[in-house]
Amino acid sequence: MEDIARDWDKPIVDAGIAAKASVIVRVGTLDLGAGTGSFRVREMMHRIAYPLGVHVRADVNLTDIEATCTDGRNRITEVIDLPTTGVNTERIWLLEHFADWFAVNLGKSSMYHVQSKLSEGVVQHLDERDASQYSADLSKKIREEIKAAQGGEASEDPVVEAIELAQRVNTLKREAAEASTADSKAKAEVEAEVEASRSLNDDNEEAHQLLADELPIVPVESRTSDEERFDEEEVFNGDSDAVRDRVAARLAQRDAHDRRQLGEEGFVDAAPEGGARANKAGRVHQPPKGEYAEHFDHVGAKPKDAKHRGITVRQAHERLDLIERRKPLYKPWFSGLASAIACASFVFLLGGGPYDMIGAFVGAGLGQWLRRRLFAHHLNQFFVTFVCVAVAALACTGTLRLVGLFDPVALSHDTAYIGAMLFVIPGFPLITGGLDMAKIDFPSGIQRITYVLCVILMATLAGWMVASIVHLNPEGFEPLGLNAWVNGCLRFVFAFLGVWGFSVLFNSPQRMCLVAAIIGAITDTLRLELTDFGMPAEAATFIGAFLSGILAFAWRSSVRHGWLPPHLGYPRICLTVPSIVIMVPGMYMYRAMFYLGGFDTINALDWAFRAFMVILCLPVGLAMARVFTDKSWRYDI
């Protein structure tokens with residue numbers, strides 16, 4: 001702590017290893033506390049460590065991180081324990097903007113978002129209540145400035161000038177790449193535009209840096225096979241957890257000039273390409289050789305430009321303070337309303353009718369409202385789950401008994417109480433646990449799955465106790481007998497509402513909720529229709545989860561290519577998990593516990609194994625989508 005306090009107001013690149021590690025590990029801790037998987041936590045820590053010339057080796061579990069950071073001279077190990085776990089998709093999204101802001105201001109390229117100015121604005125205005133709305137307004141302003149500049153009007157903003165030029169050069173580069181290598185005309189146009197980029201005012205450092213970050217000029221024919229495997233598209237996607245973001249390409253471009261500049265600034269002595277670097281003390285930093293050299297080439301390196309040393313340790317932590325202390329986007333009553341809508345929609349998708357939906361609406365709304373109020377007092381998660389599920393089931397049953405005074409048919413809807421309890425389904429740790437296992441991270445994956453089983457056990461136990469006390473007998477829902485086309489349209493509507501509701505429970509901004517809801521409406525409707533056509537529920541679930549991953553990838557790629565506004569570039573995990581949570585077979589799990597409580601082991605095992613097979617297909621489908629669309633998942637390196 002003394003080392004950190006001593007370096008508190010220093011530029012972070014000049015700070016000691018303790019101060020650098022404090023920022024790196026804190027970013028990982030905030031990401032882990034937001035509910036994301038260990039593979040994304042490691043990726044985020046690497047993105048923060050890379051501009052600092054630090055290498056990180058981290059063990060990430062459900063509620064703890066053990067990270068060792070080294071800068072080539074010193075080493076420090078930090079161990080962080082979280083008191084509990086939860087889900088906060090807004091924080092996951094804001095941390096991506098923070099990582100881009102941090103990297104760009106330290107002289108590196110943005111990773112997650114194409115418009116680095118957008119990340120700069122979001123991070124500098126984290127005190128805004130609705131960061132999503134602010135990012136939308138800023139994105140609109142940037143587009144208007146670019147449009148004005150393209151229309152011939154002079155722009156006073158050097159960043160807009162650089163963005164405009166970068167777009168022109170990118171367009172010509174793509175055209176040249178598609179043309180034959182013998183097409184000298186296309187190459188000449190690219191070279192002319194590149195030369196024009198160099199003609200920017202030499203004092204316009206911000207424009208130069210943005211252009212360098214957004215547009216690394218690498219001749220198409222000079223790219224190596226490794227660079228093709230880990231190309232710019234994957235890096236900009238934000239879905240690769242490797243640390244090899246354009247290192248080889250940048251070193252190849254800037255070797256002579258940058259090393260000479262480094263020598264003039266006194267960070268290291270000028271050295272030939274591939275040679276050792278000597279610091280002021282005379283120590284030599286020898287780049288490692290072999291297959292994994294590019295992982296460690298940045299270790300011990302310093303920024304190439306004095307202007308990129310301006311972020312202090314204090315400033316980094318102040319930004320993280322604002323992210324950590326942001327209040328939930330939604331009040332408890334609105335969260336309860338979203339839960340009510342989600343669970344009522346869930347009941348319809350399971351085959352329930354109007355009375356079942358009314359009971360689930362009342363029970364789930366009251367249960368989630370109480371859950372938020374109890375969590376505000378930092379009570380034990382499992383205790384809160386048990387109490388809230390019991391209250392939701394009793395509220396649902398009481399509502400149907402009250403309606404039964406006017407229409408006795410409502411008294412026969414005993415299965416509705418199951419739908420009222422679905423708001424506690426731990427979908428995020430369930431899916432991220434499976435994805436961690438797909439990345440061969442079994443300690444984290446097993447811990448997450450164990451946590452999921454504990455939550456499900458407490459919830460189903462509470463539901464079984466309520467059913468035993470009030471003598472409920474969940475035999476399933478009666479067929480509604482709707483026309484196939486009408487049923488399909490209603491499924492689409494209620495799948496949209498259900499995914500929207502669960503996204504609100506995950507603290508997603510409204511735009512993120514709507515994007516996830518669109519994806520979920522498409523995939524869950526397809527899943528149910530395939531099941532109606534005779535496909536096994538497990539296979540239909542796999543297809544639905546796989547399609548969710550593909551659609552989330554297509555959405556983010558569309559943002560990156562400029563087909564959609566840049567402020568809609570949300571993390572894939574914040575879109576895929578809410579869209580498939582509605583596919584979790586909650587009714588199967590509750591019925592398994594009901595039969596187990598009655599010692600009907602045959603039916604209990606039957607429903608339990610049905611639930612297991614469907615649950616297994618959800619993370620497998622998402623993992624397969626990642627393998628198809630993300631090269632860092634495709635190769636075990």
# chains A, B, ... in the order shown; residues from 1 in each chain; ligands from 1
$ residues_around --residues "range 385-399 of chain A" --least-positions-apart "5" --cutoff "8 Å" --atoms "only C-alpha atoms" --output "PyMOL selection string"
chain A and resi 359-368+370-371+414+416-418+420-421+424+455+458-459+461-463+466
$ select_by_dssp --residues "range 471-545 of chain A" --states "alpha helix (DSSP H)" --output "ChimeraX atom specification"
/A:484-505,510-532,537-545
$ residues_around --residues "Gly481 in chain A" --least-positions-apart "5" --cutoff "12 Å" --atoms "only C-alpha atoms" --output "PyMOL selection string"
chain A and resi 351-353+486-487
$ write_last_selection --atoms "C-alpha atoms" --output "PDB file, in the first residue's frame"
ATOM      1  CA  GLY A 351     -48.078 -23.869 -22.547  1.00  0.00           C
ATOM      2  CA  GLY A 352     -49.921 -21.994 -19.805  1.00  0.00           C
ATOM      3  CA  GLY A 353     -53.156 -20.087 -20.236  1.00  0.00           C
ATOM      4  CA  VAL A 486     -51.547 -17.447 -34.111  1.00  0.00           C
ATOM      5  CA  ASN A 487     -49.563 -19.559 -31.652  1.00  0.00           C
TER       6      ASN A 487
END
$ closest_residue --among "A:Cys617, A:Val54, A:Arg26, A:Ile573" --to "Val79 in chain A" --atoms "only C-alpha atoms"
A:Arg26
$ atom_distance --atom1 "CA of Ile76 in chain A" --atom2 "CA of Lys10 in chain A"
19.0 Å
$ atom_distance --atom1 "CA of Val614 in chain A" --atom2 "CA of Glu538 in chain A"
4.9 Å
$ residues_around --residues "Ile24 in chain A" --least-positions-apart "4" --cutoff "9 Å" --atoms "only C-alpha atoms" --output "ChimeraX atom specification"
/A:19-20,28-29,44-49,56,69
$ write_last_selection --atoms "C-alpha atoms" --output "mmCIF file, in the first residue's frame"
data_model
loop_
_atom_site.group_PDB
_atom_site.id
_atom_site.type_symbol
_atom_site.label_atom_id
_atom_site.label_comp_id
_atom_site.auth_asym_id
_atom_site.auth_seq_id
_atom_site.Cartn_x
_atom_site.Cartn_y
_atom_site.Cartn_z
ATOM 1 C CA ALA A 19 0.415 0.481 -8.516
ATOM 2 C CA LYS A 20 0.091 -1.057 -11.969
ATOM 3 C CA GLY A 28 -10.587 -8.054 -13.220
ATOM 4 C CA THR A 29 -12.369 -7.961 -9.865
ATOM 5 C CA MET A 44 -9.839 -7.802 -19.660
ATOM 6 C CA MET A 45 -6.839 -7.964 -17.313
ATOM 7 C CA HIS A 46 -4.523 -8.618 -20.268
ATOM 8 C CA ARG A 47 -5.954 -5.620 -22.117
ATOM 9 C CA ILE A 48 -5.150 -3.364 -19.177
ATOM 10 C CA ALA A 49 -1.719 -4.920 -18.579
ATOM 11 C CA VAL A 56 -0.342 -11.212 -16.013
ATOM 12 C CA CYS A 69 2.037 -9.440 -12.445
#
$ residues_around --residues "range 98-100 of chain A" --least-positions-apart "3" --cutoff "8 Å" --atoms "only C-alpha atoms" --output "PyMOL selection string"
chain A and resi 44+47-48+94-95+103-104+109-113+116+119-120+123+319
$ closest_residue --among "A:Val409, A:Val87, A:Leu472, A:Met613" --to "Pro536 in chain A" --atoms "only C-alpha atoms"
A:Met613
